[in-house]
Amino acid sequence: MITDKELANLIFPDVTETLDDLEKRYPKRDLPDGAEVTRFAPSPTGFLHTGSLFTAMICRKVATQTGGIFYIRLEDTDTKREIQGSGEQLLTQLKLFDVVPDEGYLANEEKGDYGPYKQSDRANIYKIAIKNLLERGLAYPCFATQEELNEIRKRQEEMKIIPGYYGKFARDRFLTNDERKEKILNGVPFVIRFKSQGNHLRKIKVRDEIHGEFEIAQNDQDIVIFKSDGLPTYHFAHAVDDHFMRTTTVIRGEEWIASLPIHVELFEALGFRAPKYAHLPVIMKLDENNHKRKLSKRLDSEAAVSFFLEDGYPSEALIVYLNTIANSNFEEWVFENGYRDISKFEFSFEKMSLEGALFDIDKLTFFAKEILATKTKEEMLDMAISYATKYDETLLNLINRDPNYFKEIMNIEREKENPRKDYYKFGGMSDTIDFFYGDIYDSLVATNGLTYNEKFDKQLIKTILGLLRDNLDTSKEESLWFADMKAIALDNKFAPNGKTLKQNPDTYIGTVGDVAEMLRISLTTRRNSPNLYYVMKVLGKEECNRRLTNIIENL
Ligand code: GLU
C-alpha cells in the first residue's frame, strides 16, 4: 500500500517546497515588543459594509497605537462570488476615511515582504501547506459527488443530528491510500478535506481579547480545505496567511466566533501558534417589531459606506461615531479634546461593549453638525467641492458661480466661539442655500409664491416691508439693526414679545417675531434660514432692496 507521503506526491507532484522553506521566506517580523500586526481581510464580493469600515478602523488604530503594522489581504478565493472592481473600490473608500494600510493589497499594487497579498496569487503557498497535511495523514482527498453529499445531509436531517461531513458520515476518510490512488489515476474529481481529530461533545477553551475566556464545542467536521478549482477555502487560507504574514491579532466580526473551533484545530494541525483573536460586536438595527437585527446589506441603506459618501456626510463624522461604538469612554474624551485629532485617543479592547451597538443616525448627524461647525469657511469650500464634483452637479454649479460668495454663505455665524450648526452634510445643501442666488430666488418666488401668516393682510405686509427696506442698513451692528426692526414693529401695533401680546390681545396684532418672519420669508422664501441679519449681509443691501421692492410692487 502506498504511504501518505506517496499519496501527497501523487496529488502535488510539482510542490517541492516545505513549510520550513516558508518559515524562512516569511520570517518573524522585526518589531518592538507589544507591536501588533493586524489585518483587514475583505472579500471582493460587493460594497464596503459599515461594519467592515468599523473593523478596518480598529485594525488601523490598534496597529498605530502599538507601533505595529496594519495590512490588507484580499480574500478572493471564492471566485463565484467575486464582483469585478470591488477590491479597488474598497481601498478607495477606506482611504476616504483615512484608514490607510502600511502594506498589503493596495488595489493596483502591493507593498510589503509578506505577499502576495491576494489569496488567488497564493495558490502555491497553500499547496505546500496542504501537501504537508496530506503527508502527515491529516488531510485526504474526498471524491463524494454533490448528490452523495445531499444524500448524507438528508439522512442527518431525518436523524435530527448535526449535518456535515464528519465521523462515520465522512465516507472517504476511511478509504485506503491505494483506493485513493486508483480513483485519482482514473481521473475521478476530488477536493481535499481536513481530517478532524475533534469531537463536538468535548469543549475547548478559547480566549478572545473582547469576550475573555470561554468554552466552545470542538470541531469535528472534515471541512474542505482545497477545492477542485485549485484554491483553498477561507478557513484554511486564513490560517496559512495569518501565520505566514505574522498577524498577531486577528480582528474581525463576531459572526466568525462560530468558526473558531475549526481555526484553532487548523493552526494546531499545521503546527502554528494561533494568533490572538478579537471578535468585534456586530452593528445592529431595530426592526419594525423592535427586535435587534444585524445591519443588513439588503434592507438598510446605512449598511453601505457609500450611502454616507453619496449623501455627503463628513467622513470624519462616521469615524467619530464608530469610535463611540468602539469604546464607551470615547464620547467623553472627544467632548473634552475636540475633533481635530482623535488619533490621540487611546483605544482598548477592554472598553468595548459586548452588545451589538444599534446604529444611530441621529447621533451620527449630531457629530456631523459638530464637526462641520469646527471647519473654516475655506475647509467648507474644499469639502463641498470634493463632494459636489463627484455627486452633485447642481451644487458644483452654484459654487462655481463664485466660490468666494459660497464661502461667505458658509461663513454665516461660523467665526465665533459657538458657531452655529446649520449643516451636517453636503447632500441636499444646494436646496438650502439656493435662495442666496438672485435668479434662483426669483424663480422660487415665481413658481411657489411667498406664504405669509394668513393673519396679516397684504396691505399691512407691504407697509411693513416698505418701512424695513427704507431703514435697511446692513453695515449696522446686529443689535442696532434689531432695535430698528423692533421700533418699526412697535409703531405698527406689534408687541415686543408673546407675553405682552397675550396680556393685551386688543392692543396688539402680533409680535416682533411676526415682523422678523415676514422679512425672512420675503428674503429667503422660507420660514427657516440661517441668522437673518447675516443672510442680509451676505445678500447685500442692494439685493435685499431689490427683493423687497419686487414683493411690494407685486403682492
Ligand atoms: N474574508 C473574510 C470576510 O469577508 C474575513 C474574515 C476574517 O477577517 O478573518 O469577512
# chains A, B, ... in the order shown; residues from 1 in each chain; ligands from 1
$ residues_around --residues "segment 122-127 of chain A" --least-positions-apart "6" --cutoff "8 Å" --atoms "only C-alpha atoms" --output "ChimeraX atom specification"
/A:12,15,22,116,230-232,237,240
$ write_last_selection --atoms "all heavy atoms" --output "mmCIF file, in the first residue's frame"
data_model
loop_
_atom_site.group_PDB
_atom_site.id
_atom_site.type_symbol
_atom_site.label_atom_id
_atom_site.label_comp_id
_atom_site.auth_asym_id
_atom_site.auth_seq_id
_atom_site.Cartn_x
_atom_site.Cartn_y
_atom_site.Cartn_z
ATOM 1 N N PHE A 12 0.286 16.294 -5.495
ATOM 2 C CA PHE A 12 1.045 17.525 -5.765
ATOM 3 C C PHE A 12 2.482 17.208 -6.196
ATOM 4 O O PHE A 12 3.438 17.505 -5.461
ATOM 5 C CB PHE A 12 1.077 18.403 -4.504
ATOM 6 C CG PHE A 12 -0.263 18.938 -4.095
ATOM 7 C CD1 PHE A 12 -0.855 18.557 -2.886
ATOM 8 C CD2 PHE A 12 -0.942 19.835 -4.907
ATOM 9 C CE1 PHE A 12 -2.091 19.059 -2.507
ATOM 10 C CE2 PHE A 12 -2.190 20.343 -4.528
ATOM 11 C CZ PHE A 12 -2.773 19.950 -3.333
ATOM 12 N N VAL A 15 4.953 20.220 -6.189
ATOM 13 C CA VAL A 15 5.226 21.012 -4.986
ATOM 14 C C VAL A 15 6.434 20.424 -4.268
ATOM 15 O O VAL A 15 6.376 19.317 -3.730
ATOM 16 C CB VAL A 15 3.991 21.019 -4.051
ATOM 17 C CG1 VAL A 15 4.310 21.735 -2.744
ATOM 18 C CG2 VAL A 15 2.807 21.662 -4.746
ATOM 19 N N LEU A 22 8.881 28.035 3.830
ATOM 20 C CA LEU A 22 8.013 29.212 4.005
ATOM 21 C C LEU A 22 8.377 29.968 5.283
ATOM 22 O O LEU A 22 8.374 31.197 5.309
ATOM 23 C CB LEU A 22 6.540 28.796 4.042
ATOM 24 C CG LEU A 22 5.961 28.236 2.739
ATOM 25 C CD1 LEU A 22 4.499 27.822 2.937
ATOM 26 C CD2 LEU A 22 6.044 29.263 1.605
ATOM 27 N N PRO A 116 2.517 37.299 -1.827
ATOM 28 C CA PRO A 116 1.440 38.151 -2.345
ATOM 29 C C PRO A 116 0.287 38.293 -1.345
ATOM 30 O O PRO A 116 0.052 37.404 -0.533
ATOM 31 C CB PRO A 116 0.974 37.420 -3.599
ATOM 32 C CG PRO A 116 1.795 36.206 -3.751
ATOM 33 C CD PRO A 116 2.706 36.078 -2.600
ATOM 34 N N GLY A 230 -8.503 24.410 -7.463
ATOM 35 C CA GLY A 230 -7.096 24.646 -7.146
ATOM 36 C C GLY A 230 -6.862 25.697 -6.081
ATOM 37 O O GLY A 230 -5.720 26.054 -5.782
ATOM 38 N N LEU A 231 -7.946 26.213 -5.508
ATOM 39 C CA LEU A 231 -7.790 27.226 -4.458
ATOM 40 C C LEU A 231 -8.308 26.678 -3.128
ATOM 41 O O LEU A 231 -9.176 25.800 -3.106
ATOM 42 C CB LEU A 231 -8.562 28.494 -4.839
ATOM 43 C CG LEU A 231 -7.926 29.359 -5.937
ATOM 44 C CD1 LEU A 231 -8.884 30.454 -6.374
ATOM 45 C CD2 LEU A 231 -6.598 29.958 -5.457
ATOM 46 N N PRO A 232 -7.808 27.201 -2.026
ATOM 47 C CA PRO A 232 -8.279 26.724 -0.727
ATOM 48 C C PRO A 232 -9.588 27.401 -0.350
ATOM 49 O O PRO A 232 -10.015 28.339 -1.017
ATOM 50 C CB PRO A 232 -7.167 27.183 0.217
ATOM 51 C CG PRO A 232 -6.648 28.427 -0.413
ATOM 52 C CD PRO A 232 -6.790 28.246 -1.898
ATOM 53 N N ALA A 237 -7.164 29.052 4.196
ATOM 54 C CA ALA A 237 -6.314 30.139 3.705
ATOM 55 C C ALA A 237 -6.002 31.113 4.843
ATOM 56 O O ALA A 237 -4.873 31.588 4.984
ATOM 57 C CB ALA A 237 -7.012 30.859 2.565
ATOM 58 N N VAL A 240 -3.204 29.754 7.135
ATOM 59 C CA VAL A 240 -1.886 29.821 6.491
ATOM 60 C C VAL A 240 -1.425 31.278 6.389
ATOM 61 O O VAL A 240 -0.285 31.622 6.724
ATOM 62 C CB VAL A 240 -1.951 29.169 5.090
ATOM 63 C CG1 VAL A 240 -0.666 29.415 4.322
ATOM 64 C CG2 VAL A 240 -2.238 27.686 5.223
#
$ residues_near_ligand --ligand "ligand 1" --cutoff "9 Å" --atoms "only C-alpha atoms and all ligand atoms" --output "list in words"
Arg39, Phe40, Ala41, Pro42, Ser43, Pro44, Thr45, Ser52, Thr55, Arg73, Leu74, Glu75, Asp76, Tyr234, His235, His238, Ala239, Asp242, Val250, Ile251, Arg252, Gly253, Glu255 and Trp256 of chain A
$ write_last_selection --atoms "C-alpha atoms" --output "PDB file, in the first residue's frame"
ATOM      1  CA  ARG A  39      -5.089  42.892   9.031  1.00  0.00           C
ATOM      2  CA  PHE A  40      -8.284  43.683   7.263  1.00  0.00           C
ATOM      3  CA  ALA A  41      -9.227  40.804   5.023  1.00  0.00           C
ATOM      4  CA  PRO A  42     -12.159  41.717   2.813  1.00  0.00           C
ATOM      5  CA  SER A  43     -13.628  39.518   0.151  1.00  0.00           C
ATOM      6  CA  PRO A  44     -14.227  41.407  -3.089  1.00  0.00           C
ATOM      7  CA  THR A  45     -17.883  40.500  -3.138  1.00  0.00           C
ATOM      8  CA  SER A  52     -16.282  46.371   7.721  1.00  0.00           C
ATOM      9  CA  THR A  55     -13.350  46.561  11.711  1.00  0.00           C
ATOM     10  CA  ARG A  73      -5.247  40.989   2.361  1.00  0.00           C
ATOM     11  CA  LEU A  74      -7.750  40.371  -0.384  1.00  0.00           C
ATOM     12  CA  GLU A  75      -9.625  37.146   0.241  1.00  0.00           C
ATOM     13  CA  ASP A  76     -10.718  36.308  -3.251  1.00  0.00           C
ATOM     14  CA  TYR A 234     -11.456  30.684   3.553  1.00  0.00           C
ATOM     15  CA  HIS A 235     -10.820  28.779   6.800  1.00  0.00           C
ATOM     16  CA  HIS A 238      -6.803  32.332   6.755  1.00  0.00           C
ATOM     17  CA  ALA A 239      -4.744  30.016   8.966  1.00  0.00           C
ATOM     18  CA  ASP A 242      -2.248  34.847   9.243  1.00  0.00           C
ATOM     19  CA  VAL A 250      -6.999  38.755  14.188  1.00  0.00           C
ATOM     20  CA  ILE A 251      -9.663  41.428  14.493  1.00  0.00           C
ATOM     21  CA  ARG A 252     -12.930  40.586  12.784  1.00  0.00           C
ATOM     22  CA  GLY A 253     -16.687  40.477  13.207  1.00  0.00           C
ATOM     23  CA  GLU A 255     -20.019  36.237  13.235  1.00  0.00           C
ATOM     24  CA  TRP A 256     -16.698  34.375  12.990  1.00  0.00           C
TER      25      TRP A 256
END
$ residues_around --residues "Phe307 of chain A" --least-positions-apart "5" --cutoff "12 Å" --atoms "only C-alpha atoms" --output "PyMOL selection string"
chain A and resi 47-50+93+297+300-302+312-315+318+361+391+425+427
$ residues_around --residues "Asn545 of chain A" --least-positions-apart "2" --cutoff "10 Å" --atoms "only C-alpha atoms" --output "VMD selection string"
chain A and resid 465 to 466 468 to 470 472 523 539 to 543 547 to 551
$ select_by_dssp --residues "segment 149-270 of chain A" --states "alpha helix (DSSP H)" --output "ChimeraX atom specification"
/A:149-159,177-185,234-244,260-270
$ residues_around --residues "Arg414 of chain A" --least-positions-apart "2" --cutoff "10 Å" --atoms "only C-alpha atoms" --output "MDAnalysis selection string"
chainID A and resid 372:377 408:412 416:422
$ residues_around --residues "Leu501 of chain A" --least-positions-apart "5" --cutoff "7 Å" --atoms "only C-alpha atoms" --output "VMD selection string"
chain A and resid 495 508 510 to 511
$ residues_around --residues "Ala170 of chain A" --least-positions-apart "2" --cutoff "12 Å" --atoms "only C-alpha atoms" --output "ChimeraX atom specification"
/A:140-144,148-149,152-153,163-168,172-175,193-196,220-224
